[in-house]
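File shown: run38.txt. Contents: compact mmCIF, C-alpha atoms.
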# COMPACT_ATOMS: atom_id res chain seq x y z
CA MET S 1 102.76 -191.20 0.19
CA LYS S 2 101.96 -189.43 3.42
CA LYS S 3 99.47 -186.62 3.65
CA LEU S 4 98.36 -184.32 6.40
CA PHE S 5 94.62 -183.66 6.08
CA ILE S 6 93.33 -180.48 7.68
CA ALA S 7 89.56 -180.03 7.77
CA LEU S 8 88.91 -176.34 7.36
CA LEU S 9 85.35 -176.96 8.46
CA LEU S 10 85.78 -178.08 12.10
CA VAL S 11 82.77 -179.42 13.99
CA THR S 12 83.17 -179.63 17.77
CA GLY S 13 81.13 -180.51 20.82
CA LEU S 14 80.36 -176.80 21.25
CA GLN S 15 77.36 -177.18 18.95
CA PRO S 16 74.82 -175.44 21.22
CA ALA S 17 77.09 -172.42 21.66
CA PHE S 18 77.85 -172.12 17.96
CA ALA S 19 74.17 -172.45 17.14
CA GLN S 20 73.56 -169.19 19.00
CA MET S 21 76.37 -167.30 17.26
CA ARG S 22 74.52 -165.03 14.89
CA PHE S 23 77.75 -163.82 13.28
CA LEU S 24 77.89 -167.09 11.32
CA PRO S 25 76.23 -166.91 7.90
CA LYS S 26 72.69 -168.26 7.90
CA PHE S 27 73.48 -171.08 5.45
CA VAL S 28 76.37 -172.24 7.68
CA ARG S 29 74.15 -172.33 10.77
CA LYS S 30 71.52 -174.23 8.85
CA MET S 31 74.03 -176.66 7.35
CA LEU S 32 75.72 -177.49 10.64
CA PHE S 33 73.34 -177.02 13.51
CA GLU S 34 69.65 -176.78 12.62
CA GLN S 35 67.64 -179.97 12.93
CA ASP S 36 64.99 -180.31 10.25
CA SER S 37 62.48 -183.14 10.58
CA SER S 38 60.90 -182.32 7.21
CA LYS S 39 61.97 -183.83 3.89
CA HIS S 40 63.57 -180.68 2.56
CA SER S 41 66.74 -180.87 0.50
CA SER S 42 70.07 -180.21 2.22
CA PHE S 43 73.52 -179.02 1.15
CA PHE S 44 76.88 -179.64 2.85
CA ILE S 45 80.36 -178.37 1.96
CA LEU S 46 83.62 -179.88 3.22
CA PRO S 47 86.74 -177.87 2.31
CA VAL S 48 89.98 -179.84 2.69
CA LEU S 49 93.66 -178.88 2.58
CA SER S 50 96.48 -181.39 2.21
CA SER S 51 100.22 -181.41 1.67
CA ALA S 52 102.73 -183.92 0.29
CA PRO S 53 106.25 -183.60 -1.19
CA GLU S 54 105.19 -184.94 -4.60
CA THR S 55 102.19 -182.59 -4.92
CA GLY S 56 103.01 -179.53 -2.86
CA LEU S 57 99.95 -177.88 -1.37
CA GLU S 58 96.59 -179.32 -2.46
CA GLY S 59 93.40 -177.32 -1.97
CA GLY S 60 89.76 -177.88 -2.79
CA GLY S 61 86.87 -179.72 -1.26
CA SER S 62 83.69 -181.67 -1.70
CA ALA S 63 79.98 -180.89 -1.61
CA LEU S 64 76.90 -183.06 -1.15
CA TYR S 65 73.37 -182.07 -2.16
CA SER S 66 70.72 -184.51 -0.93
CA PHE S 67 67.01 -184.59 -1.70
CA TYR S 68 63.90 -186.74 -2.04
CA THR S 69 62.18 -187.20 -5.40
CA ASP S 70 58.93 -187.90 -3.53
CA THR S 71 58.18 -186.24 -0.18
CA LEU S 72 54.73 -187.81 0.23
CA ASN S 73 55.71 -191.48 0.43
CA GLU S 74 57.74 -192.48 3.49
CA GLY S 75 59.58 -195.29 1.70
CA THR S 76 61.25 -193.24 -1.04
CA ARG S 77 65.00 -193.21 -0.46
CA VAL S 78 67.39 -190.29 -0.32
CA SER S 79 68.95 -189.18 -3.62
CA ASN S 80 72.08 -187.08 -3.86
CA ILE S 81 74.55 -185.27 -6.07
CA PHE S 82 78.18 -185.36 -4.93
CA GLY S 83 81.06 -183.28 -6.25
CA TYR S 84 84.77 -183.26 -5.45
CA ALA S 85 87.58 -181.12 -6.85
CA THR S 86 91.16 -180.24 -5.84
CA ILE S 87 94.21 -178.67 -7.44
CA THR S 88 97.87 -178.64 -6.32
CA THR S 89 100.64 -176.08 -6.50
CA LYS S 90 102.51 -178.49 -8.83
CA GLY S 91 99.71 -178.55 -11.41
CA GLN S 92 97.98 -181.81 -10.51
CA SER S 93 94.22 -182.02 -10.15
CA ARG S 94 91.33 -184.29 -9.24
CA PHE S 95 87.66 -183.95 -10.13
CA SER S 96 84.58 -186.10 -9.63
CA LEU S 97 80.85 -185.57 -10.09
CA SER S 98 78.35 -188.31 -9.28
CA THR S 99 74.68 -188.84 -8.56
CA ASN S 100 72.64 -191.54 -6.83
CA TYR S 101 69.01 -191.09 -7.91
CA TRP S 102 65.91 -192.92 -6.62
CA THR S 103 62.60 -192.31 -8.39
CA PRO S 104 59.35 -192.05 -6.37
CA GLN S 105 58.59 -195.24 -4.41
CA ASN S 106 62.02 -196.57 -5.47
CA LYS S 107 60.71 -198.02 -8.73
CA TYR S 108 63.94 -197.13 -10.55
CA HIS S 109 67.47 -196.49 -9.36
CA TYR S 110 70.08 -194.63 -11.42
CA THR S 111 73.71 -193.78 -10.77
CA ALA S 112 76.17 -191.79 -12.85
CA THR S 113 79.81 -190.84 -12.29
CA VAL S 114 82.35 -188.89 -14.26
CA SER S 115 85.82 -188.43 -12.77
CA TYR S 116 89.20 -187.19 -13.89
CA ILE S 117 92.57 -187.58 -12.15
CA ASN S 118 95.89 -185.99 -13.06
CA PHE S 119 97.87 -187.12 -10.05
CA PRO S 120 100.98 -189.09 -9.02
CA PHE S 121 100.52 -192.84 -8.69
CA ASP S 122 102.78 -195.27 -6.84
CA TYR S 123 103.30 -198.62 -8.57
CA PHE S 124 104.61 -201.53 -6.48
CA GLY S 125 104.17 -204.46 -8.87
CA THR S 126 101.59 -207.24 -8.75
CA GLY S 127 100.63 -209.61 -5.96
CA ASN S 128 99.81 -209.81 -2.27
CA GLU S 129 103.42 -209.47 -1.06
CA THR S 130 104.82 -206.39 -2.80
CA SER S 131 107.69 -204.50 -1.21
CA LYS S 132 107.86 -200.80 -0.44
CA ALA S 133 111.45 -200.86 -1.73
CA ASP S 134 110.01 -201.46 -5.23
CA LEU S 135 107.90 -198.28 -5.18
CA ASP S 136 108.00 -196.65 -8.61
CA ARG S 137 106.34 -193.25 -8.89
CA LEU S 138 104.34 -192.61 -12.05
CA GLY S 139 102.40 -189.75 -13.50
CA GLN S 140 98.77 -190.76 -14.04
CA LYS S 141 95.92 -189.27 -16.03
CA ARG S 142 92.63 -191.16 -15.76
CA LEU S 143 89.17 -190.44 -17.10
CA ARG S 144 86.28 -192.62 -15.94
CA ILE S 145 82.59 -192.59 -16.88
CA ASN S 146 80.18 -195.03 -15.25
CA LEU S 147 76.38 -195.35 -15.61
CA THR S 148 73.87 -197.75 -14.08
CA ALA S 149 70.11 -198.11 -14.47
CA GLU S 150 68.08 -200.59 -12.40
CA LYS S 151 64.36 -201.43 -12.28
CA ARG S 152 62.57 -202.91 -9.28
CA ILE S 153 60.96 -206.21 -10.26
CA SER S 154 59.65 -207.16 -6.81
CA LYS S 155 59.62 -205.65 -3.33
CA ASN S 156 63.37 -205.85 -2.76
CA LEU S 157 64.83 -207.04 -6.09
CA TYR S 158 66.32 -204.91 -8.87
CA ILE S 159 67.84 -205.83 -12.21
CA GLY S 160 69.62 -203.48 -14.55
CA ILE S 161 72.62 -202.66 -16.69
CA THR S 162 75.96 -200.93 -16.20
CA ALA S 163 78.00 -199.21 -18.89
CA GLY S 164 80.88 -196.82 -19.20
CA GLY S 165 84.45 -196.26 -20.24
CA LEU S 166 87.99 -195.81 -18.90
CA ASP S 167 91.03 -194.04 -20.29
CA TYR S 168 94.46 -194.30 -18.60
CA LYS S 169 97.76 -192.63 -19.42
CA PHE S 170 100.95 -193.25 -17.41
CA THR S 171 104.40 -191.65 -17.54
CA ASP S 172 107.45 -193.00 -15.73
CA LYS S 173 108.79 -190.35 -13.35
CA GLU S 174 111.71 -192.48 -12.16
CA PRO S 175 113.16 -194.55 -15.05
CA GLY S 176 114.86 -197.81 -14.13
CA GLY S 177 112.27 -199.00 -11.64
CA ILE S 178 109.92 -201.99 -11.52
CA TYR S 179 107.45 -200.29 -13.86
CA GLN S 180 109.78 -200.86 -16.80
CA THR S 181 109.63 -204.64 -16.24
CA LEU S 182 105.98 -204.73 -17.36
CA GLN S 183 105.40 -206.52 -20.65
CA ARG S 184 103.81 -204.69 -23.57
CA SER S 185 100.68 -206.87 -23.22
CA GLN S 186 100.17 -205.35 -19.74
CA GLN S 187 100.03 -201.92 -21.41
CA PRO S 188 102.25 -199.89 -19.11
CA GLY S 189 101.57 -196.73 -21.09
CA GLY S 190 97.83 -196.95 -20.50
CA GLY S 191 94.87 -197.46 -22.79
CA SER S 192 91.14 -197.11 -23.27
CA ILE S 193 88.40 -199.56 -22.25
CA LEU S 194 84.67 -199.72 -22.91
CA PHE S 195 82.48 -201.88 -20.67
CA ALA S 196 78.84 -202.90 -20.22
CA GLY S 197 76.95 -205.68 -18.50
CA PRO S 198 74.07 -206.79 -16.27
CA SER S 199 73.54 -205.94 -12.62
CA PHE S 200 71.48 -207.47 -9.81
CA VAL S 201 70.54 -205.97 -6.45
CA PHE S 202 68.69 -207.30 -3.40
CA ASP S 203 68.00 -204.48 -0.94
CA ASP S 204 65.77 -204.58 2.15
CA ARG S 205 67.60 -201.95 4.23
CA ASN S 206 65.45 -199.65 6.32
CA ASN S 207 67.58 -196.68 5.22
CA ASN S 208 70.17 -196.29 2.46
CA THR S 209 72.25 -193.60 4.21
CA TYR S 210 72.41 -194.75 7.86
CA THR S 211 71.19 -198.35 7.98
CA THR S 212 70.24 -199.91 11.30
CA LYS S 213 68.73 -203.15 10.00
CA GLY S 214 68.46 -205.08 6.76
CA ALA S 215 70.79 -206.27 4.01
CA VAL S 216 71.95 -205.33 0.53
CA VAL S 217 73.58 -207.60 -2.06
CA THR S 218 74.97 -206.05 -5.24
CA ALA S 219 76.38 -208.04 -8.15
CA TYR S 220 77.43 -207.02 -11.64
CA PHE S 221 79.55 -208.31 -14.49
CA ASN S 222 81.18 -205.84 -16.86
CA PHE S 223 82.15 -207.17 -20.28
CA MET S 224 85.27 -205.21 -21.24
CA LYS S 225 86.88 -204.47 -24.58
CA GLY S 226 90.08 -202.58 -25.24
CA MET S 227 89.96 -199.81 -27.78
CA PHE S 228 92.46 -198.70 -30.44
CA SER S 229 95.68 -200.38 -31.50
CA ASN S 230 97.47 -200.26 -28.14
CA ASN S 231 94.83 -202.24 -26.25
CA ASP S 232 93.69 -205.72 -27.33
CA TYR S 233 92.25 -206.80 -23.98
CA ARG S 234 88.94 -208.67 -24.01
CA GLY S 235 87.51 -209.92 -20.75
CA GLY S 236 85.43 -208.76 -17.85
CA LEU S 237 85.14 -207.86 -14.18
CA LEU S 238 82.85 -209.67 -11.73
CA ASN S 239 81.96 -207.77 -8.56
CA ILE S 240 79.85 -209.11 -5.67
CA GLU S 241 79.27 -207.11 -2.48
CA TYR S 242 77.19 -207.93 0.59
CA ALA S 243 76.30 -205.86 3.66
CA GLN S 244 74.11 -206.79 6.64
CA PHE S 245 73.06 -204.65 9.61
CA PHE S 246 71.72 -205.52 13.06
CA SER S 247 70.22 -203.10 15.58
CA LEU S 248 71.61 -204.18 18.97
CA SER S 249 69.94 -201.33 20.83
CA LYS S 250 68.47 -197.90 20.13
CA LYS S 251 71.96 -196.41 19.76
CA LEU S 252 74.11 -199.41 18.80
CA VAL S 253 74.35 -200.98 15.31
CA LEU S 254 76.51 -203.86 14.11
CA GLY S 255 77.34 -204.02 10.41
CA PHE S 256 79.05 -206.66 8.24
CA ASN S 257 80.43 -206.08 4.76
CA ALA S 258 82.17 -208.39 2.26
CA GLN S 259 83.38 -207.95 -1.32
CA GLU S 260 84.79 -210.18 -4.04
CA GLN S 261 86.22 -209.05 -7.38
CA SER S 262 87.61 -211.16 -10.22
CA LEU S 263 89.13 -210.03 -13.50
CA VAL S 264 88.79 -212.55 -16.33
CA GLY S 265 90.37 -212.71 -19.76
CA SER S 266 93.95 -212.77 -21.00
CA ARG S 267 96.55 -210.08 -21.66
CA GLU S 268 94.95 -207.95 -18.96
CA PRO S 269 96.33 -204.41 -18.40
CA PHE S 270 97.87 -203.96 -14.94
CA TYR S 271 95.62 -200.99 -14.19
CA LEU S 272 92.45 -203.12 -14.44
CA LEU S 273 93.58 -205.57 -11.75
CA PRO S 274 91.49 -205.34 -8.55
CA ALA S 275 93.36 -203.32 -5.91
CA LEU S 276 93.18 -203.62 -2.14
CA GLY S 277 92.37 -200.62 0.02
CA ASN S 278 90.16 -197.53 -0.16
CA ASP S 279 88.08 -195.36 2.17
CA GLU S 280 85.24 -197.90 2.26
CA ILE S 281 86.83 -201.32 2.79
CA MET S 282 90.35 -202.38 3.85
CA ARG S 283 91.03 -198.91 5.18
CA GLY S 284 94.68 -198.34 6.06
CA TYR S 285 96.15 -199.52 2.73
CA TYR S 286 97.31 -197.42 -0.20
CA ASN S 287 95.01 -198.23 -3.10
CA GLY S 288 97.19 -200.00 -5.66
CA ARG S 289 99.91 -201.26 -3.30
CA PHE S 290 98.48 -204.79 -3.61
CA ARG S 291 96.73 -205.81 -6.84
CA ASP S 292 96.03 -209.07 -8.67
CA ARG S 293 93.39 -210.90 -10.71
CA ASN S 294 91.21 -211.63 -7.66
CA LEU S 295 90.34 -209.74 -4.48
CA ILE S 296 88.41 -210.77 -1.40
CA ALA S 297 87.80 -208.67 1.72
CA ALA S 298 85.44 -208.57 4.69
CA GLN S 299 84.92 -206.18 7.57
CA THR S 300 82.66 -205.49 10.54
CA GLU S 301 81.82 -202.14 12.07
CA LEU S 302 80.26 -201.32 15.44
CA ARG S 303 78.48 -197.97 15.38
CA TYR S 304 77.39 -196.09 18.50
CA ARG S 305 75.18 -193.00 18.19
CA ILE S 306 76.13 -190.85 21.17
CA THR S 307 73.57 -188.16 20.32
CA SER S 308 71.52 -187.33 17.27
CA ARG S 309 74.52 -185.35 15.97
CA PHE S 310 77.55 -187.36 17.06
CA GLY S 311 78.65 -190.97 16.80
CA ILE S 312 81.72 -193.16 17.14
CA VAL S 313 82.68 -196.41 15.38
CA GLY S 314 85.17 -199.22 15.72
CA PHE S 315 85.96 -201.42 12.74
CA GLY S 316 88.08 -204.40 11.77
CA GLY S 317 88.51 -206.65 8.76
CA VAL S 318 90.73 -208.84 6.64
CA GLY S 319 91.45 -209.17 2.94
CA LYS S 320 93.94 -210.15 0.24
CA VAL S 321 94.54 -210.28 -3.50
CA PHE S 322 95.54 -213.47 -5.31
CA ASN S 323 96.10 -214.83 -8.80
CA ASN S 324 94.22 -218.14 -8.92
CA ASP S 325 93.55 -220.26 -5.84
CA PHE S 326 92.45 -218.62 -2.58
CA ASP S 327 93.80 -219.70 0.79
CA LEU S 328 93.89 -218.12 4.24
CA ASP S 329 97.64 -217.50 4.16
CA GLY S 330 98.51 -213.87 3.64
CA LEU S 331 95.23 -212.37 4.85
CA LYS S 332 95.91 -208.76 5.75
CA PRO S 333 94.33 -207.00 8.75
CA SER S 334 92.53 -203.67 8.77
CA TYR S 335 91.28 -202.05 11.97
CA GLY S 336 90.66 -198.64 13.45
CA LEU S 337 88.41 -196.07 15.06
CA GLY S 338 86.32 -193.23 13.72
CA GLY S 339 84.03 -190.35 14.59
CA ARG S 340 80.82 -189.15 12.96
CA TYR S 341 79.07 -185.79 12.76
CA PHE S 342 75.51 -186.01 11.38
CA PHE S 343 74.95 -182.78 9.52
CA ASP S 344 71.51 -183.95 8.34
CA VAL S 345 69.82 -185.86 11.15
CA GLU S 346 66.59 -186.57 9.28
CA LYS S 347 68.36 -188.20 6.34
CA GLY S 348 71.12 -189.83 8.41
CA LEU S 349 73.90 -188.08 6.45
CA SER S 350 77.24 -187.76 8.17
CA MET S 351 80.78 -186.47 7.88
CA ARG S 352 83.20 -189.16 9.00
CA VAL S 353 86.79 -189.23 10.14
CA ASP S 354 88.47 -192.65 10.31
CA TYR S 355 91.98 -193.66 11.29
CA ALA S 356 92.95 -197.18 10.21
CA LEU S 357 95.95 -199.46 10.65
CA GLY S 358 97.06 -202.31 8.39
CA GLU S 359 99.85 -204.86 8.41
CA GLN S 360 103.48 -204.21 9.24
CA ARG S 361 105.65 -205.88 6.66
CA PRO S 362 109.27 -206.83 7.49
CA GLY S 363 111.52 -203.79 7.39
CA GLU S 364 108.63 -201.38 6.88
CA LYS S 365 106.49 -199.14 9.04
CA ARG S 366 102.97 -200.29 9.79
CA GLN S 367 100.61 -199.23 7.02
CA SER S 368 97.97 -196.72 8.02
CA GLY S 369 95.55 -194.17 6.67
CA LEU S 370 93.49 -191.15 7.77
CA TYR S 371 90.19 -190.66 5.96
CA LEU S 372 87.91 -187.63 5.91
CA SER S 373 84.75 -188.38 3.93
CA LEU S 374 81.05 -187.76 3.56
CA ALA S 375 78.63 -190.65 4.25
CA GLU S 376 79.24 -194.01 5.92
CA ALA S 377 81.85 -196.49 4.66
CA PHE S 378 79.10 -199.01 3.80
Please, can you express the file's structure as structure tokens?
Amino acid sequence: MKKLFIALLLVTGLQPAFAQMRFLPKFVRKMLFEQDSSKHSSFFILPVLSSAPETGLEGGGSALYSFYTDTLNEGTRVSNIFGYATITTKGQSRFSLSTNYWTPQNKYHYTATVSYINFPFDYFGTGNETSKADLDRLGQKRLRINLTAEKRISKNLYIGITAGGLDYKFTDKEPGGIYQTLQRSQQPGGGSILFAGPSFVFDDRNNNTYTTKGAVVTAYFNFMKGMFSNNDYRGGLLNIEYAQFFSLSKKLVLGFNAQEQSLVGSREPFYLLPALGNDEIMRGYYNGRFRDRNLIAAQTELRYRITSRFGIVGFGGVGKVFNNDFDLDGLKPSYGLGGRYFFDVEKGLSMRVDYALGEQRPGEKRQSGLYLSLAEAF
């Protein structure tokens, strides 16, 4: 599914000239060009337009409101509220609202997300070697609610709980494809899931928005239970993620990131299987093209801060999905380049544009992706 992303909010190297253009609304000048060394809140809007044959024209955008819950203590981390919404000319829509909230002195950390998708979904089957020829387009409606609450128990350690729910509904847009080979136990029509479990975090980063040194390790296990008569799944999802950052010079930062996911239990629905590829790790792959019971991926990113406002990055990584035993065969590459515009210099908040390449499977074009997002990939 190819898309052409057009950023309606273009930021160029003509920053000094634009900063003097008084015809721009005051809030736009402040959002884009004014440097504020105080701990005031900030607001950024990113309108986006896209087009694809299966959706028609898609319009909408995202917005990020960032703030500190405590402006007196230097160590309190940046909190934010992020919203995203689009609608297409063919009646599809996407919506997400989330928050990442740090209490004064980082004693507690809370996150909350509610998202809804009514959007086409391409199903390729299960495994690390799926074929584009098997693409089966589905209609998808998905509601997701996720909550976490964590308490600091020592300088850099947090423990907490996660909880939430999922509801999926799928319709087959092209009968006769690979989707119809799914067994009833894999719940091709969708279903509802409730989940809850413990979480653990080690975090000694010097900054949670633009890290130049330190590490963060996040681990959680969600116990999952299917709801209603069409979903008898009982199992869980283990997720472990690690990131480490090294300051090589005043402007140069090297970052490493790795993630492992495992779905346990029997009679698992296909839509719960870990999937390779998103705008944070294994960029360049359609999310859902490769999915299985286990996922492992790692990447590195070299970040160069050209000025306080602009930066460039180069990144590369490998990853795969697998059913049981892991081996090095079949590791998929991910690599690319990106640019950064820091709309809030004090908080280290950026708009990023990344272009990534993946593997080229026999008889197919090389997989790739263009990503326009707010905040760093990790």
With only C-alpha atoms as the basis for distance, which of S:Arg340, S:Thr148, S:Gly61, S:Gly75 is at the shortest distance from Asn100 in chain S?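 The answer is S:Thr148, which sits nearest to Asn100 in chain S.
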Using only C-alpha atoms, the shortest atom-to-atom distance to Ala196 in chain S among S:Leu238, S:Ile117, S:Ile178, S:Ala215 belongs to S:Leu238
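With CA of Ala52 in chain S on one side and CA of Phe119 in chain S on the other, the separation reads 11.9 Å.
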Tell me, as a VMD selection string, which residues lie within 12 Å of Thr307 in chain S, counting only C-alpha atoms; anything in the same chain fewer than 4 positions away does not count. chain S and resid 13 15 250 to 252 311 to 312 340 to 342 345
Which of these residues is nearest to Tyr371 in chain S, using all atoms listed in the file: S:Ile281, S:Leu263, S:Ala275, S:Leu295? S:Ile281
Shortest interatomic distance to Leu64 in chain S - which of S:Ser350, S:Gln367, S:Ser154, S:Gln186, counting only C-alpha atoms: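 Residue with the minimum atom-to-atom distance to Leu64 in chain S: S:Ser350.
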Please determine, counting all atoms listed in the file, which residue among S:Tyr158, S:Tyr355, S:Phe202, S:Tyr110 has the shortest atom-to-atom distance to Met282 in chain S.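 Answer, going by the shortest atom-to-atom distance: S:Tyr355.
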Tell me which of S:Gln261, S:Ser115, S:Asn80, S:Gln180 sits closest to Ser42 in chain S, counting all atoms listed in the file. S:Asn80
Please provide the set of residues having any atom within 12 Å of Ala375 in chain S, restricted to all atoms listed in the file, with same-chain residues fewer than 4 positions apart removed, written as a VMD selection string. chain S and resid 44 46 62 to 66 80 82 208 to 211 279 to 280 339 to 344 347 to 354 371
If we draw a sphere of 8 Å around (91.6, -205.2, -11.0), which residues have at least one atom in it when counting all atoms listed in the file? Please report them as a ChimeraX atom specification. /S:237,261-263,270-275,291-294
Please identify all polymer residues within 12 Å of Val217 in chain S, counting only C-alpha atoms, omitting same-chain residues fewer than 2 positions from it, and present them as a ChimeraX atom specification. /S:156-159,199-205,214-215,219-220,239-244,256-260,378
For Lys39 in chain S, please output as a PDB file with C-alpha atoms, in the frame of the given file all residues within 12 Å (counting all atoms listed in the file; exclusion window: fewer than 2 positions along the same chain).
ATOM      1  CA  GLN S  35      67.640-179.970  12.930  1.00  0.00           C
ATOM      2  CA  ASP S  36      64.990-180.310  10.250  1.00  0.00           C
ATOM      3  CA  SER S  37      62.480-183.140  10.580  1.00  0.00           C
ATOM      4  CA  SER S  41      66.740-180.870   0.500  1.00  0.00           C
ATOM      5  CA  SER S  42      70.070-180.210   2.220  1.00  0.00           C
ATOM      6  CA  SER S  66      70.720-184.510  -0.930  1.00  0.00           C
ATOM      7  CA  PHE S  67      67.010-184.590  -1.700  1.00  0.00           C
ATOM      8  CA  TYR S  68      63.900-186.740  -2.040  1.00  0.00           C
ATOM      9  CA  THR S  69      62.180-187.200  -5.400  1.00  0.00           C
ATOM     10  CA  ASP S  70      58.930-187.900  -3.530  1.00  0.00           C
ATOM     11  CA  THR S  71      58.180-186.240  -0.180  1.00  0.00           C
ATOM     12  CA  LEU S  72      54.730-187.810   0.230  1.00  0.00           C
ATOM     13  CA  ASN S  73      55.710-191.480   0.430  1.00  0.00           C
ATOM     14  CA  GLU S  74      57.740-192.480   3.490  1.00  0.00           C
ATOM     15  CA  GLY S  75      59.580-195.290   1.700  1.00  0.00           C
ATOM     16  CA  THR S  76      61.250-193.240  -1.040  1.00  0.00           C
ATOM     17  CA  ARG S  77      65.000-193.210  -0.460  1.00  0.00           C
ATOM     18  CA  VAL S  78      67.390-190.290  -0.320  1.00  0.00           C
ATOM     19  CA  SER S  79      68.950-189.180  -3.620  1.00  0.00           C
ATOM     20  CA  ASP S 344      71.510-183.950   8.340  1.00  0.00           C
ATOM     21  CA  VAL S 345      69.820-185.860  11.150  1.00  0.00           C
ATOM     22  CA  GLU S 346      66.590-186.570   9.280  1.00  0.00           C
ATOM     23  CA  LYS S 347      68.360-188.200   6.340  1.00  0.00           C
ATOM     24  CA  GLY S 348      71.120-189.830   8.410  1.00  0.00           C
TER      25      GLY S 348
END
re CA of Leu166 in chain S and CA of Leu182 in chain S: distance 20.1 Å
In Å to one decimal, how far is CA of Val318 in chain S from CA of Leu302 in chain S?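 So the answer is 15.6 Å.
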